[in-house]
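Written below as C-alpha cells is the structure these notes are about.
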Amino acid sequence: MVRGPRHRATPAIAIVAIASLLLPSAATAAPLRALGGAVAVTAAAPTDAKIRLALRASNLSEPVFVTSARDGTGRLFIVEQTGRIRIYKDGVVLSTPFLSIGSQVSKGSEQGLLGLAFSPSYRTNRKLYVNFTDVNGDTVVREYKASSTNPNVVATSTARTIIKIGQPYDNHNGGMLAFGPDGYLYIGMGDGGSGGDPGNRAQNIDSLLGKILRINVNGSTSTRNYLFPSTNPYVGRAGRNEIWQLGVRNPWRFSFDRANGNLWIGEVGQEHWEEIDRAVKTSSGAGRGVNWGWHVLEGTHCYSPSTGCSTTGKTMPLTEYYHDNGRCAVTGGYVYRGTGVPTLVGGYVYADFCSGEIWVVDSAAARPATPTLLLDTDMTISGFGENAAGELYVLDHGGGAMYAILPA
C-alpha cells in the first residue's frame with residue numbers, strides 16, 4: 001500500500017547514466033535520469049531549464065510544507081509534521097516557533113500537522129488556518145490569529161475550530177489547505193485510509209472523505225463556523241454541501257496557478273500509479289463537481305473492478321507515472337511564476353517522495369502530457385512552497401531541510 005508522505009519504502013535510488021525509459025503506459029513516457037545533477041531537456045515545453053537546489057534551512061523536524069503570508073515581510077512559514085510552524089526570516093530560522101501544538105497532534109504514520117493557509121486579508125485580520133490530526137486521529141481545521149503585539153508568534157487564545165472530520169484509519173488524511181482565487185478555503189481530504197478505499201468513501205457524496213472541499217470561513221451559523229458557498233455543486237441537491245470535487249484517494253498537495261487560477265492536484269496512488277490532475281478555471285470555478293475517478297480508477301487504469309470499469313463522468317489525469325525505479329508517492333507542487341529561472345515559467349513542478357526525482361510538465365500541455373526530469377536527488381520530498389514573488393522551495397522530510405530552486 002502506498003501512502004504519502006511516508007517513510008521510504010525503498011532505499012534511495014543509485015545515480016545512473018542517462019537513459020530513456022518508457023513507462024508501462026504507452027500514454028506516459030518516463031523522464032530522463034541524469035548523472036547526479038541538473039540536466040538539459042529537449043522534449044517538453046515550456047522549458048529547457050537547468051536547476052539546482054540551494055540549502056536555506058536545516059535541523060527541521062519532518063518538514064511537509066512551506067508558504068508565505070504575502071504580507072510584505074518576506075517571511076516564510078515552514079510546517080513541521082511533528083506540530084510546529086517555524087519562521088524563516090533574513091536567512092535564518094527563528095528560534096521561537098510561530099505556533100507549537102505538538103501536544104495536540106497525533107503522531108506516526110501520515111498523521112500530524114499537515115497544512116497551513118493564510119487569509120487573503122492577513123495583513124489586516126491576522127488570520128491563519130491549520131490542518132492537523134488531533135490526538136484521536138481526526139482531521140481538524142482550526143483558525144488562529146497572529147499576535148497583535150508580536151507578529152512572529154500566534155496568539156493561541158484565538159484558536160477556533162472551523163471543521164472537524166472523523167478519520168477511520170491513520171493514513172490518507174490529505175491535509176492541504178489553500179485559499180482559491182475566489183477567496184474560499186479549499187481542503188484536501190483523503191479517502192479515510194486503509195487500502196483500496198474499503199468504505200467506498202471517495203465516490204460517496206454523503207461523505208467528506210476522498211474529496212476536495214470548499215467553504216467560506218468569513219461567516220458562521222448557530223451550528224458551524226463556516227458557510228456553504230452557494231455555487232458548490234451539491235448545494236440544494238443530494239450530497240454534502242461542502243464538496244467541491246470527489247473521487248480522490250489522497251490529494252496530499254494541491255495548488256492554484258497564481259497566473260490563471262487553474263487547480264493542480266498531486267494525487268497519491270495505490271499500488272501502481274501516481275497522477276497529476278489539472279482543473280482549468282472557468283466562470284464556475286476550477287473543476288466544479290469534477291470526479292477524479294478513485295476508487296474505480298487508479299490514474300487512467302481500472303482499479304475496482306480491475307477490468308471493464310466505467311469511466312463515464314470521470315475526468316482523466318493530465319499525466320501519470322508507474323511505481324518503477326523506486327517511485328512510490330507523488331508530491332504535488334506549483335506552476336512556476338517566478339523570475340529567477342526564466343525558462344521554467346509556466347511549468348508545473350512536482351516530485352516523487354521516495355525516488356527524489358523532480359519533474360516539470362508544461363502547464364498548457366494537452367492530455368496525456370509527458371513530463372521532463374529536472375533533477376534527480378536523494379531526498380524524501382514531502383512538499384513544495386512559493387514565496388510572495390512566486391519563487392519555489394522544496395522540502396526534504398527525512399533530511400529536515402528546505403532548499404530554494406535556483407538556475408543551475
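Lettering and numbering for the C-alpha cells are positional, with chains as A, B, ... in the shown order, residues counted from 1 in each chain, and ligands counted from 1 in the shown order.
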
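Close contacts of A:Leu395, defined as residues with an atom at most 7 Å away when counting only C-alpha atoms, with chain neighbours fewer than 5 positions off set aside, comprise A:Pro63, A:Val64, A:Ile381, A:Ser382, A:Gly383, A:Phe384, A:Ala401, A:Met402, A:Tyr403.
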
Go ahead and dump the residues you just picked, all heavy atoms, as a PDB file, in the first residue's frame.
ATOM      1  N   PRO A  63       9.727  18.402   7.968  1.00  0.00           N
ATOM      2  CA  PRO A  63       9.005  19.469   7.269  1.00  0.00           C
ATOM      3  C   PRO A  63       8.133  18.912   6.156  1.00  0.00           C
ATOM      4  O   PRO A  63       8.532  18.009   5.428  1.00  0.00           O
ATOM      5  CB  PRO A  63      10.128  20.340   6.705  1.00  0.00           C
ATOM      6  CG  PRO A  63      11.272  19.386   6.512  1.00  0.00           C
ATOM      7  CD  PRO A  63      11.169  18.418   7.666  1.00  0.00           C
ATOM      8  N   VAL A  64       6.925  19.474   6.015  1.00  0.00           N
ATOM      9  CA  VAL A  64       5.994  18.995   4.999  1.00  0.00           C
ATOM     10  C   VAL A  64       5.438  20.104   4.103  1.00  0.00           C
ATOM     11  O   VAL A  64       4.850  19.816   3.062  1.00  0.00           O
ATOM     12  CB  VAL A  64       4.811  18.229   5.632  1.00  0.00           C
ATOM     13  CG1 VAL A  64       5.280  16.914   6.246  1.00  0.00           C
ATOM     14  CG2 VAL A  64       4.078  19.080   6.661  1.00  0.00           C
ATOM     15  N   ILE A 381      11.122  13.942  -0.707  1.00  0.00           N
ATOM     16  CA  ILE A 381      10.499  15.239  -0.970  1.00  0.00           C
ATOM     17  C   ILE A 381       9.034  15.209  -0.547  1.00  0.00           C
ATOM     18  O   ILE A 381       8.198  14.549  -1.160  1.00  0.00           O
ATOM     19  CB  ILE A 381      10.645  15.625  -2.450  1.00  0.00           C
ATOM     20  CG1 ILE A 381      12.133  15.756  -2.802  1.00  0.00           C
ATOM     21  CG2 ILE A 381       9.905  16.924  -2.745  1.00  0.00           C
ATOM     22  CD1 ILE A 381      12.404  16.037  -4.265  1.00  0.00           C
ATOM     23  N   SER A 382       8.738  15.953   0.509  1.00  0.00           N
ATOM     24  CA  SER A 382       7.401  15.925   1.105  1.00  0.00           C
ATOM     25  C   SER A 382       6.564  17.136   0.743  1.00  0.00           C
ATOM     26  O   SER A 382       5.350  17.130   0.966  1.00  0.00           O
ATOM     27  CB  SER A 382       7.515  15.848   2.630  1.00  0.00           C
ATOM     28  OG  SER A 382       8.342  16.902   3.116  1.00  0.00           O
ATOM     29  N   GLY A 383       7.188  18.178   0.212  1.00  0.00           N
ATOM     30  CA  GLY A 383       6.408  19.359  -0.101  1.00  0.00           C
ATOM     31  C   GLY A 383       7.195  20.399  -0.871  1.00  0.00           C
ATOM     32  O   GLY A 383       8.436  20.404  -0.864  1.00  0.00           O
ATOM     33  N   PHE A 384       6.453  21.275  -1.539  1.00  0.00           N
ATOM     34  CA  PHE A 384       6.995  22.451  -2.195  1.00  0.00           C
ATOM     35  C   PHE A 384       6.334  23.677  -1.571  1.00  0.00           C
ATOM     36  O   PHE A 384       5.402  23.566  -0.775  1.00  0.00           O
ATOM     37  CB  PHE A 384       6.689  22.431  -3.698  1.00  0.00           C
ATOM     38  CG  PHE A 384       7.438  21.390  -4.473  1.00  0.00           C
ATOM     39  CD1 PHE A 384       6.948  20.094  -4.585  1.00  0.00           C
ATOM     40  CD2 PHE A 384       8.634  21.698  -5.117  1.00  0.00           C
ATOM     41  CE1 PHE A 384       7.622  19.132  -5.303  1.00  0.00           C
ATOM     42  CE2 PHE A 384       9.320  20.746  -5.843  1.00  0.00           C
ATOM     43  CZ  PHE A 384       8.824  19.468  -5.941  1.00  0.00           C
ATOM     44  N   ALA A 401      15.261  19.518   5.943  1.00  0.00           N
ATOM     45  CA  ALA A 401      15.877  20.694   5.296  1.00  0.00           C
ATOM     46  C   ALA A 401      14.931  21.337   4.286  1.00  0.00           C
ATOM     47  O   ALA A 401      14.025  20.687   3.755  1.00  0.00           O
ATOM     48  CB  ALA A 401      17.178  20.291   4.616  1.00  0.00           C
ATOM     49  N   MET A 402      15.179  22.617   4.020  1.00  0.00           N
ATOM     50  CA  MET A 402      14.472  23.365   2.997  1.00  0.00           C
ATOM     51  C   MET A 402      15.483  23.927   2.012  1.00  0.00           C
ATOM     52  O   MET A 402      16.519  24.474   2.399  1.00  0.00           O
ATOM     53  CB  MET A 402      13.671  24.513   3.605  1.00  0.00           C
ATOM     54  CG  MET A 402      12.916  25.353   2.571  1.00  0.00           C
ATOM     55  SD  MET A 402      12.001  26.736   3.316  1.00  0.00           S
ATOM     56  CE  MET A 402      13.342  27.893   3.662  1.00  0.00           C
ATOM     57  N   TYR A 403      15.169  23.782   0.716  1.00  0.00           N
ATOM     58  CA  TYR A 403      16.036  24.243  -0.360  1.00  0.00           C
ATOM     59  C   TYR A 403      15.285  25.203  -1.260  1.00  0.00           C
ATOM     60  O   TYR A 403      14.076  25.060  -1.475  1.00  0.00           O
ATOM     61  CB  TYR A 403      16.531  23.070  -1.211  1.00  0.00           C
ATOM     62  CG  TYR A 403      17.410  22.090  -0.475  1.00  0.00           C
ATOM     63  CD1 TYR A 403      16.839  21.085   0.321  1.00  0.00           C
ATOM     64  CD2 TYR A 403      18.793  22.139  -0.565  1.00  0.00           C
ATOM     65  CE1 TYR A 403      17.638  20.181   0.999  1.00  0.00           C
ATOM     66  CE2 TYR A 403      19.601  21.244   0.099  1.00  0.00           C
ATOM     67  CZ  TYR A 403      19.017  20.260   0.892  1.00  0.00           C
ATOM     68  OH  TYR A 403      19.810  19.358   1.559  1.00  0.00           O
TER      69      TYR A 403
END

Taking only stretch 146-199 of chain A into account, list the residues labelled strand (DSSP E or B) by DSSP (computed from the backbone), as number ranges by chain. A: 146, 154-165, 177-179, 185-189

So which residues touch stretch 221-236 of chain A within 9 Å, counting only C-alpha atoms, skipping near sequence neighbours fewer than 2 positions away, as a ChimeraX atom specification? /A:160-163,184,205,214-219,238-245,284-285,288-289

Write a file of the just-selected residues containing N, CA and C atoms, as an mmCIF file, in the first residue's frame.
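Final output, again_4.cif:
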data_model
loop_
_atom_site.group_PDB
_atom_site.id
_atom_site.type_symbol
_atom_site.label_atom_id
_atom_site.label_comp_id
_atom_site.auth_asym_id
_atom_site.auth_seq_id
_atom_site.Cartn_x
_atom_site.Cartn_y
_atom_site.Cartn_z
ATOM 1 N N ARG A 160 -9.901 28.724 17.138
ATOM 2 C CA ARG A 160 -11.318 28.493 16.843
ATOM 3 C C ARG A 160 -11.418 27.363 15.835
ATOM 4 N N THR A 161 -12.091 26.288 16.202
ATOM 5 C CA THR A 161 -12.239 25.153 15.297
ATOM 6 C C THR A 161 -13.246 25.492 14.208
ATOM 7 N N ILE A 162 -12.822 25.350 12.961
ATOM 8 C CA ILE A 162 -13.694 25.614 11.819
ATOM 9 C C ILE A 162 -14.488 24.366 11.456
ATOM 10 N N ILE A 163 -13.790 23.246 11.328
ATOM 11 C CA ILE A 163 -14.454 21.992 10.985
ATOM 12 C C ILE A 163 -13.631 20.841 11.550
ATOM 13 N N TYR A 184 -12.371 31.530 -1.194
ATOM 14 C CA TYR A 184 -12.851 30.429 -0.367
ATOM 15 C C TYR A 184 -11.691 29.512 0.023
ATOM 16 N N ILE A 205 -21.151 10.763 -2.129
ATOM 17 C CA ILE A 205 -21.372 12.206 -2.000
ATOM 18 C C ILE A 205 -21.959 12.587 -0.642
ATOM 19 N N ARG A 214 -14.753 22.905 -0.285
ATOM 20 C CA ARG A 214 -14.665 24.355 -0.437
ATOM 21 C C ARG A 214 -15.655 25.009 0.522
ATOM 22 N N ILE A 215 -15.146 25.861 1.411
ATOM 23 C CA ILE A 215 -16.006 26.507 2.396
ATOM 24 C C ILE A 215 -15.680 27.997 2.486
ATOM 25 N N ASN A 216 -16.619 28.733 3.035
ATOM 26 C CA ASN A 216 -16.455 30.162 3.264
ATOM 27 C C ASN A 216 -16.212 30.364 4.755
ATOM 28 N N VAL A 217 -14.990 30.765 5.117
ATOM 29 C CA VAL A 217 -14.664 30.934 6.539
ATOM 30 C C VAL A 217 -15.032 32.318 7.046
ATOM 31 N N ASN A 218 -15.558 33.165 6.171
ATOM 32 C CA ASN A 218 -15.932 34.526 6.569
ATOM 33 C C ASN A 218 -17.407 34.600 6.942
ATOM 34 N N GLY A 219 -17.784 33.731 7.848
ATOM 35 C CA GLY A 219 -19.161 33.699 8.301
ATOM 36 C C GLY A 219 -19.417 32.438 9.096
ATOM 37 N N ALA A 238 -29.008 16.507 -3.388
ATOM 38 C CA ALA A 238 -28.445 15.446 -2.560
ATOM 39 C C ALA A 238 -26.924 15.534 -2.558
ATOM 40 N N GLY A 239 -26.319 15.286 -1.409
ATOM 41 C CA GLY A 239 -24.871 15.342 -1.277
ATOM 42 C C GLY A 239 -24.456 16.413 -0.290
ATOM 43 N N ARG A 240 -23.222 16.292 0.264
ATOM 44 C CA ARG A 240 -22.725 17.239 1.244
ATOM 45 C C ARG A 240 -22.414 18.575 0.587
ATOM 46 N N ASN A 241 -22.878 19.637 1.220
ATOM 47 C CA ASN A 241 -22.727 20.969 0.642
ATOM 48 C C ASN A 241 -21.290 21.459 0.584
ATOM 49 N N GLU A 242 -20.408 20.871 1.400
ATOM 50 C CA GLU A 242 -19.002 21.290 1.422
ATOM 51 C C GLU A 242 -18.205 20.790 0.223
ATOM 52 N N ILE A 243 -18.702 19.785 -0.482
ATOM 53 C CA ILE A 243 -17.920 19.126 -1.531
ATOM 54 C C ILE A 243 -17.759 20.039 -2.738
ATOM 55 N N TRP A 244 -16.503 20.115 -3.216
ATOM 56 C CA TRP A 244 -16.205 20.800 -4.478
ATOM 57 C C TRP A 244 -15.877 19.781 -5.565
ATOM 58 N N GLN A 245 -15.057 18.787 -5.222
ATOM 59 C CA GLN A 245 -14.700 17.708 -6.142
ATOM 60 C C GLN A 245 -14.701 16.398 -5.372
ATOM 61 N N SER A 284 -17.350 29.111 -13.641
ATOM 62 C CA SER A 284 -17.930 28.441 -12.476
ATOM 63 C C SER A 284 -16.877 27.973 -11.484
ATOM 64 N N GLY A 285 -15.602 28.274 -11.745
ATOM 65 C CA GLY A 285 -14.527 27.857 -10.856
ATOM 66 C C GLY A 285 -13.666 26.786 -11.489
ATOM 67 N N ARG A 288 -15.368 22.583 -10.918
ATOM 68 C CA ARG A 288 -16.575 22.420 -10.114
ATOM 69 C C ARG A 288 -17.220 21.059 -10.375
ATOM 70 N N GLY A 289 -17.388 20.259 -9.309
ATOM 71 C CA GLY A 289 -18.069 18.976 -9.395
ATOM 72 C C GLY A 289 -17.309 17.876 -10.101
#

Go through A:Met316, A:Val153, A:Ile358, A:Ala389 one by one, measure the shortest atom-to-atom distance of each to A:Glu275 using only C-alpha atoms, and give the residue with the smallest value. A:Met316

Residues within 10 Å of stretch 147-149 of chain A, please, as a PyMOL selection string. Count only C-alpha atoms; anything in the same chain fewer than 4 positions from it doesn't count. chain A and resi 98+125-127+153-158

Hey, what does DSSP flag as helix (DSSP H, G or I) within stretch 66-297 of chain A? Can you give it to me as a ChimeraX atom specification? /A:102-104,122-125

Nearest to A:Asp376 among A:Gly115, A:Leu53, A:Ser100, A:Asn250, with distances taken over only C-alpha atoms: which residue is it?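 Ranking A:Gly115, A:Leu53, A:Ser100, A:Asn250 by distance to A:Asp376, first place goes to A:Leu53.
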
Exercise: stretch 252-264 of chain A partners within 8 Å, only C-alpha atoms, chain neighbours under 2 positions left out, as JSON, numbers by chain: {"A": [4, 5, 173, 174, 175, 176, 178, 180, 181, 188, 190, 250, 266, 267, 268, 276, 277, 278, 279, 280, 281, 286, 287, 331, 332, 333, 334, 335, 337, 383]}

Excluding same-chain residues fewer than 2 positions from A:Leu177, what lies within 6 Å of it counting only C-alpha atoms, as a list in words?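 Neighbouring residues, sequence-local ones excluded: Gly115, Leu116, Ala117, Tyr186 and Ile187 of chain A.
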
Long-range neighbours of stretch 74-91 of chain A as a count of residues only, 8 Å cut-off, only C-alpha atoms, 5 positions minimum in chain: 32

How many Å separate atom CA of A:Glu143 from atom CA of A:Val290?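 According to the coordinates, atom CA of A:Glu143 and atom CA of A:Val290 are separated by 27.7 Å.
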
Closest of A:Leu373, A:Ala365, A:Met379, A:Val92 to A:Thr319, counting only C-alpha atoms, is A:Ala365
